[in-house]
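Working notes, structure below.
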Amino acid sequence: MSELFDEDDSKRDNLGCKKKLAKNAEKLTTECGKIDAAESLLEDFNDDQFTPLVEETRVALETACAMCASMVPAVHEIMEVMLKTVQTIREKTTTVNYSELSVDKKSHDSLLVRLLNHSKTLDELAKSAVELEKLADQTSSVAAKAAASSKMTEPELEQAVSEIKAAEEKRKEAEAESVAAALKAEKERIAKEARDNADAAKKTTEQINDTFEEAKKSCEEAEKYAEEDKDMEDELKEKLESAKADLEKAQEPVDETNKASAATQASAEQTEDLAKEVEKTIDEVQEKAQETADNTEQTNTSAEAAKALIESSNTASTEVTTKLKAKRAMDEALKVVDEAREYSEEVKKEAKEAADIAEDAGKVADELSGEESEEIKAQVEALKEASGKAQESADDAKKTGEEIEQAAETLKEKRVQDAPGEEVSEAIDNVNSKMEEGKEKVKTAKEDAEKTTEIANDAKKVLDKIKALKAARETAELSKEVSVEATQVAEETEQTAESTNKVLEESGKDTEESRQATNAAGAAIQKTTKFASDLKQASESLDKSGAKLLDYVKRGDMPLEKVKSMEKQLKRDIAEIRKDMAKCKTAAQEAEASIEDVRANDPKSWDINPFQSGDGDDAKLIGLVRGPPGTLSGISVECTKANQWKHNSMGVNEDVLSDVINVGPQDAKLNQPALVAIPYASKARNIHGREIIVKSTTNGKDWKVVPTTSIERIFEQFKGQMCVELRVKEFAAYAVLSRLVRDRQTIDKKGATMGSSGDRRVYITYPHGCISRPIDVSLEVQAFDNNTASLMRQRRQKVQIFASASPILRITHSPTPKEFKKPISICLPLPPNPARKDGSRGLRPSAFTKSKGSINVDSEPVIDPGLLHVMIRHDGTTWRELKNISLNYGKNDTLCFDLKSPTHRLVVIRTSVKPDTNQALVLITQTVEDWTKVKVASIILHQHIDDRSHALIQIAPSSKVDDIEDKMINEGFEGPPDPSSEIEMVEGEEVLVKFDGNLRPTEDKDMILTYNSERVNRLQFYLEAVDQFRNFASDHDKGHAIFYGREKPPEPEPEPEVVENGEGEGDEKGQQQQPPKKKKDPLEGWTRLVQLPVAVPKVERPPPKQKRVFKQAVKVEGPLSEEGLMDIARELTNEWEALARFLGHSHAQIQRIKGDNPNSMEDQIFDMLISWRNNLPRSVNKVEILAENLARAGRSDLMEDLKCKSGGDGVGDEGAEEE
């Protein structure tokens, strides 16, 4: 608002107007007084006095008229100025919101405040001026009349006098009206004065309130700054407290001012009301106006007191605010310094980025400068120019940044030095100016950089294309190299796979280790082959992709993006191929490593010791011992039959499936486990409900089950003979057996159901809480079907009331509880009663449910409980019947019942009628148990069709007699005699063969067969006549083969004890002689089974040949000398018999040599070699023959030694022999 008014001019014009108006009003009042006096004279004049009075009046009126004439223009002039000023103020104030002005602006525009406060006064002055103008007009009219009257004639004067009298009357009336109007005007004036006082009081009050509120705001502002300033000085704190105290003190006078102002308003309103009433006197109005004036005075007094306190508070708070603002300004100066520094760094950064862009553009230009294209050269020049300009702009921006930083430092120094506020503000303005300048410079640098970047981008596109094509060409060439390398790696990998596969095919696979190793190697080889094949395909694909990309690069017309995409894909393919190459190499290494493992576990490289019985085609494997290289080094392994222990090896329900072989030496310490293979009757593997086991012993009495590694081992050199193989650390005697499947399960307190794997219908339920601690349970199930029951009834007349039986259960508990806390439930099959003619089985199959506790059978109970007998027994006791037991039928011919205490054997017997006695029932049960051991068989004795003296005996199960007889016929053996009648035998029973009549075996030894149901029980031998002159009348020598059986061989008799005779009685040595024993009957303990007739055709006996007499052999020198042959004999071991056969010795000759040298293998070998050497002609190359057969026998080392000793000369007469 200061720009709307000039304070001095406004003051001057206002004062001038007031003074002129006041002066003229005073003059006008004085002249009006003269006019009143003149009019009074005119009213009372007489003839004598007429002339002078009229003249005097005329003069006075003229003077007043002249004055009025001169005053009217002045009044009009003053009015015009005042109205113009008031109008201007009002127009301007309507455009300004005074409440939005700051304190400083309000103080600065104090003139406006005064004009606004006095605007009402101006209105009143204008009103007074109007009234004054009316008064002047009236005075001028009277003066004119007076002037006119002074020039009248007498008649005119009389007329004037009459008029004057009339006018006087009118004047009096007017005076009365004037008095009334004056009274009214005085009342109005008084009321107006009261109203003016009230308005002034109100205005003063409003000003005080406004000032008080401003002081409050000022104090609050000071408090706000004080709260934000944590380190405010104590002096300022005191001033702030003083300002707050003054404000508190000012509150009371402010309140009094408001109260007095309110009273003033009330009295003013009352004064105005009194002034309006006609009957009220001036004094009454004046009295109320005086009250208004007093209230106004009181308002002004309170306002002055409040104003002093408010000004004191405002001054203090303003000082606090000013100083805190100054302090804050200094702090803001520090912020400006920090901002300036940051902005300086930003400017430098932007400048550096612009410089980097320029530098990059320069590099691009340098890279393109080598290109010869005109277009590229023009781009290079434009790029260099733009980069130079961008560099200059960047340097300017950087320099400005440094200047900003320097200005900031200057500002910081002024702040630290507490420089005056003007200097700090100047420094801040300088910093801001530099920052604005920096903005412009950065903007310029950015624009130049953007232009440079735009040009550089165009150049880069060209450069990128050149580089992309170059890179694509290099990648395509690299792909060719990688493709060639990949092909080479694939071929090498395939070669490795082929070589390793060849080794794999040649390696042995008859051990678990070798199979695992070969399986792993096979997988590795397969993996290697697959990787190689994949790598080859990938290599071919890579080669094609590389050639295609190279073609695109040479043409140059393909889109750059497509070239880049192809190059990128080609790089990925190269990376994948390299990974595939690494995989191939790794797979090849794994295959080679697996082959090393195959070689290490290859049984063909192991030390193998096969042991056979018989010669030539009749040789049979009895055992084989082998181990990894070095396992059997320094150990002379032996393996012989020990069938005398066969019977001891069998337990309950066990069948022998092999010979008992004794492997030694049993005191040998093996550095690692060896494998022992035992051939056995492998058909037993397929018998349901039975399992194959191996037992071992070291003394023939104590046998234990040992674990096996395989029950299906087959060796290439012994095809057709399946073996059980086991891993051993010490040698012992071994036997392969078949037994009932033994199921094992641990039962805890929670209970469980245990079933049989041999017969799923057999299971035992242990309810929850039936035992107090866990137990191990084993279960064996011996089947007893109807066919077996029928056969037993036919052959056992004493048990004809027997109908059928359940399987025999063998249950073992470890530890064995005395009683079950809850009964266990047993369910087992029981064949129906075959004696029922109506076909009814005596039961109704129905479903039953197993529960914890007793069996819950949803069917009707047994109809004939007297014919079913639950028989139990413990080991070492006889069978007894379990009485008072509830039997229930289930489905599938099953019978279920509860058992309260454990037992070892259990069977349910069904009889056709109720047994008379308990002994009869026990006999039936024992017969059933014994019958499970019985085998019905026949003995077949056939003779060879070409040589009837060659006989073959075989014990065959009755169900296989025809098949076995056909097989014997195919082998060349046939009857007569026919097979024997059926005989009962038990597993492991021995059969002794004796002959009577005129026939006997050629070998004088006991002929004993051991019956094993799953093995071939045969015996071959030759017969001869006891006396060739007996049976003279017949063409045959005749006799009988008598067969005796015994279930168990007798125990060997202990050696006789020699008792020392302490008293010297007896013989000379002081020993007491035992009494001589009776000669033992050779058939003691044997039971005659059956006899078969035998006849052998007589043959013409040739005359005896004359014995050849050989002279002593001449002495031989060289490798076949006696010393040389002895050296060979010392090196040979068990392979000497094979060598003997290769050299032409028959089985009989070998046996004769063994009989001649029973105590030394070395002597046997030496005798065999001497016999061979001496029986060959001189012309034969004996050294070559012996060397060749040593190699055939597996002793290539001895072959090489023999050839080295002979020097290649193997022919001579050292082998000649004379008769």
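Residue numbering restarts at 1 in every chain; chains get A, B, ... in the order shown in the structure tokens, and ligands count up from 1 in that same order.
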Test item, alpha helix (DSSP H) assignment across region 592-706 of chain A, answer as JSON, numbers by chain: {"A": [592, 593, 594, 595, 596, 597, 598, 599, 600, 601, 646, 647, 648, 649]}
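Atom to atom, CA of Ser710 (chain A) and CA of Val656 (chain A) stand 17.5 Å apart.
Interatomic distance, CA of Leu779 (chain A) against CA of Lys822 (chain A): 19.8 Å.
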Option closest in space to Ala733 (chain A), from A:Ile693, A:Val663, A:Ala174, A:Ala490 [counting only C-alpha atoms]: A:Val663
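One finds CA of Ala407 (chain A) at 8.5 Å from CA of Ile428 (chain A).
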Residue neighbourhood Val482 (chain A), 10 Å, only C-alpha atoms, exclusion window fewer than 4 positions, as a PyMOL selection string: chain A and resi 476-478+486-488+539+542-543+574-575+577-578+581
Selection: 8 Å around region 522-530 of chain A, only C-alpha atoms, excl. self and same-chain fewer than 3 positions, as a PyMOL selection string: chain A and resi 493-494+497+500-501+504+518-519+533-534+584+587-588+590-591+594
Residue nearest Arg690 (chain A) - candidates A:Pro1001, A:Pro673, A:Gly758, A:Pro831, atoms counted: only C-alpha atoms: A:Gly758
Residues of region 722-764 of chain A in strand (DSSP E or B), written as a PyMOL selection string: chain A and resi 723-728+733-740+742-747+752-755+763-764
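Shortest atom-to-atom contact with Val986 (chain A) among A:Ile885, A:Met1007, A:Val652, A:Val1099: A:Val652, counting only C-alpha atoms.
The smallest atom-to-atom distance between Gln717 (chain A) and any of A:Val799, A:Ala1025, A:Ile608, A:Ala185, using only C-alpha atoms, is found for A:Ile608.
Shortest atom-to-atom contact with Val431 (chain A) among A:Gly401, A:Pro957, A:Pro829, A:Gly755: A:Gly401, counting only C-alpha atoms.
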Selection near Lys719 (chain A), 12 Å with only C-alpha atoms, sequence-local residues under 5 positions removed, as a PyMOL selection string: chain A and resi 620-621+679+712-714
Close residues, region 743-754 of chain A itself excluded, 8 Å, only C-alpha atoms, min 6 positions apart in chain, as a ChimeraX atom specification: /A:763-780,852
How would the residues just picked look written out with N, CA, C and O atoms as an mmCIF file, in the first residue's frame?
```
data_model
loop_
_atom_site.group_PDB
_atom_site.id
_atom_site.type_symbol
_atom_site.label_atom_id
_atom_site.label_comp_id
_atom_site.auth_asym_id
_atom_site.auth_seq_id
_atom_site.Cartn_x
_atom_site.Cartn_y
_atom_site.Cartn_z
ATOM 1 N N TYR A 763 -1.529 -117.798 10.603
ATOM 2 C CA TYR A 763 -1.044 -116.584 11.258
ATOM 3 C C TYR A 763 -1.412 -116.640 12.728
ATOM 4 O O TYR A 763 -2.337 -117.346 13.160
ATOM 5 N N ILE A 764 -0.635 -115.897 13.508
ATOM 6 C CA ILE A 764 -0.814 -115.829 14.967
ATOM 7 C C ILE A 764 -1.011 -114.367 15.324
ATOM 8 O O ILE A 764 -0.212 -113.511 14.907
ATOM 9 N N THR A 765 -2.038 -114.083 16.112
ATOM 10 C CA THR A 765 -2.323 -112.709 16.537
ATOM 11 C C THR A 765 -1.994 -112.565 18.011
ATOM 12 O O THR A 765 -2.551 -113.287 18.850
ATOM 13 N N TYR A 766 -1.061 -111.643 18.294
ATOM 14 C CA TYR A 766 -0.710 -111.322 19.674
ATOM 15 C C TYR A 766 -1.436 -110.029 20.041
ATOM 16 O O TYR A 766 -1.103 -108.955 19.512
ATOM 17 N N PRO A 767 -2.432 -110.073 20.926
ATOM 18 C CA PRO A 767 -3.185 -108.853 21.258
ATOM 19 C C PRO A 767 -2.354 -107.893 22.099
ATOM 20 O O PRO A 767 -1.325 -108.271 22.679
ATOM 21 N N HIS A 768 -2.821 -106.668 22.166
ATOM 22 C CA HIS A 768 -2.154 -105.638 22.966
ATOM 23 C C HIS A 768 -2.147 -106.044 24.445
ATOM 24 O O HIS A 768 -3.167 -106.386 25.019
ATOM 25 N N GLY A 769 -0.935 -106.028 25.034
ATOM 26 C CA GLY A 769 -0.817 -106.321 26.457
ATOM 27 C C GLY A 769 -0.722 -107.785 26.789
ATOM 28 O O GLY A 769 -0.786 -108.149 27.966
ATOM 29 N N CYS A 770 -0.530 -108.641 25.782
ATOM 30 C CA CYS A 770 -0.440 -110.072 26.097
ATOM 31 C C CYS A 770 0.916 -110.446 26.667
ATOM 32 O O CYS A 770 1.064 -111.502 27.279
ATOM 33 N N ILE A 771 1.943 -109.623 26.466
ATOM 34 C CA ILE A 771 3.279 -109.872 27.010
ATOM 35 C C ILE A 771 3.739 -108.610 27.728
ATOM 36 O O ILE A 771 3.277 -107.505 27.444
ATOM 37 N N SER A 772 4.675 -108.791 28.653
ATOM 38 C CA SER A 772 5.163 -107.664 29.454
ATOM 39 C C SER A 772 6.437 -107.063 28.889
ATOM 40 O O SER A 772 6.803 -105.949 29.257
ATOM 41 N N ARG A 773 7.123 -107.777 28.010
ATOM 42 C CA ARG A 773 8.335 -107.249 27.386
ATOM 43 C C ARG A 773 8.473 -107.845 25.991
ATOM 44 O O ARG A 773 7.880 -108.885 25.698
ATOM 45 N N PRO A 774 9.237 -107.190 25.110
ATOM 46 C CA PRO A 774 9.362 -107.696 23.736
ATOM 47 C C PRO A 774 9.965 -109.091 23.699
ATOM 48 O O PRO A 774 10.848 -109.428 24.500
ATOM 49 N N ILE A 775 9.477 -109.885 22.738
ATOM 50 C CA ILE A 775 10.003 -111.238 22.536
ATOM 51 C C ILE A 775 10.228 -111.453 21.048
ATOM 52 O O ILE A 775 9.591 -110.825 20.206
ATOM 53 N N ASP A 776 11.170 -112.334 20.725
ATOM 54 C CA ASP A 776 11.442 -112.742 19.350
ATOM 55 C C ASP A 776 10.704 -114.045 19.078
ATOM 56 O O ASP A 776 10.859 -115.028 19.832
ATOM 57 N N VAL A 777 9.942 -114.064 18.012
ATOM 58 C CA VAL A 777 9.124 -115.236 17.680
ATOM 59 C C VAL A 777 9.576 -115.780 16.334
ATOM 60 O O VAL A 777 9.787 -115.013 15.387
ATOM 61 N N SER A 778 9.761 -117.094 16.263
ATOM 62 C CA SER A 778 10.034 -117.749 14.978
ATOM 63 C C SER A 778 8.938 -118.794 14.741
ATOM 64 O O SER A 778 8.446 -119.421 15.679
ATOM 65 N N LEU A 779 8.598 -118.944 13.463
ATOM 66 C CA LEU A 779 7.484 -119.813 13.098
ATOM 67 C C LEU A 779 7.883 -120.656 11.896
ATOM 68 O O LEU A 779 8.354 -120.128 10.888
ATOM 69 N N GLU A 780 7.716 -121.998 12.032
ATOM 70 C CA GLU A 780 7.916 -122.932 10.921
ATOM 71 C C GLU A 780 6.606 -123.696 10.717
ATOM 72 O O GLU A 780 5.940 -124.077 11.682
ATOM 73 N N LYS A 852 -7.755 -107.496 18.448
ATOM 74 C CA LYS A 852 -6.764 -107.572 19.526
ATOM 75 C C LYS A 852 -7.410 -108.335 20.678
ATOM 76 O O LYS A 852 -8.343 -107.871 21.314
#
```
Identify, on the basis of only C-alpha atoms, every residue whose closest approach to Arg1152 (chain A) does not exceed 12 Å; exclude the query and any residue fewer than 5 positions from it along the same chain; express the result as an mmCIF file with C-alpha atoms, in the first residue's frame.
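Wrote result35.cif, looks like this:
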```cif
data_model
loop_
_atom_site.group_PDB
_atom_site.id
_atom_site.type_symbol
_atom_site.label_atom_id
_atom_site.label_comp_id
_atom_site.auth_asym_id
_atom_site.auth_seq_id
_atom_site.Cartn_x
_atom_site.Cartn_y
_atom_site.Cartn_z
ATOM 1 C CA HIS A 1145 47.590 -142.101 -18.709
ATOM 2 C CA SER A 1146 44.243 -143.775 -18.048
ATOM 3 C CA HIS A 1147 42.269 -143.461 -14.863
ATOM 4 C CA ASN A 1157 52.933 -143.994 -3.687
ATOM 5 C CA PRO A 1158 50.175 -143.367 -1.137
ATOM 6 C CA GLN A 1164 53.228 -139.891 -7.461
ATOM 7 C CA ASP A 1167 56.492 -141.889 -10.993
ATOM 8 C CA MET A 1168 53.966 -140.667 -13.579
ATOM 9 C CA SER A 1171 56.548 -143.876 -16.754
#
```
Nearest candidate to Ser814 (chain A) (options A:Ala316, A:Asp283, A:Phe1142, A:Thr903; using only C-alpha atoms): A:Thr903
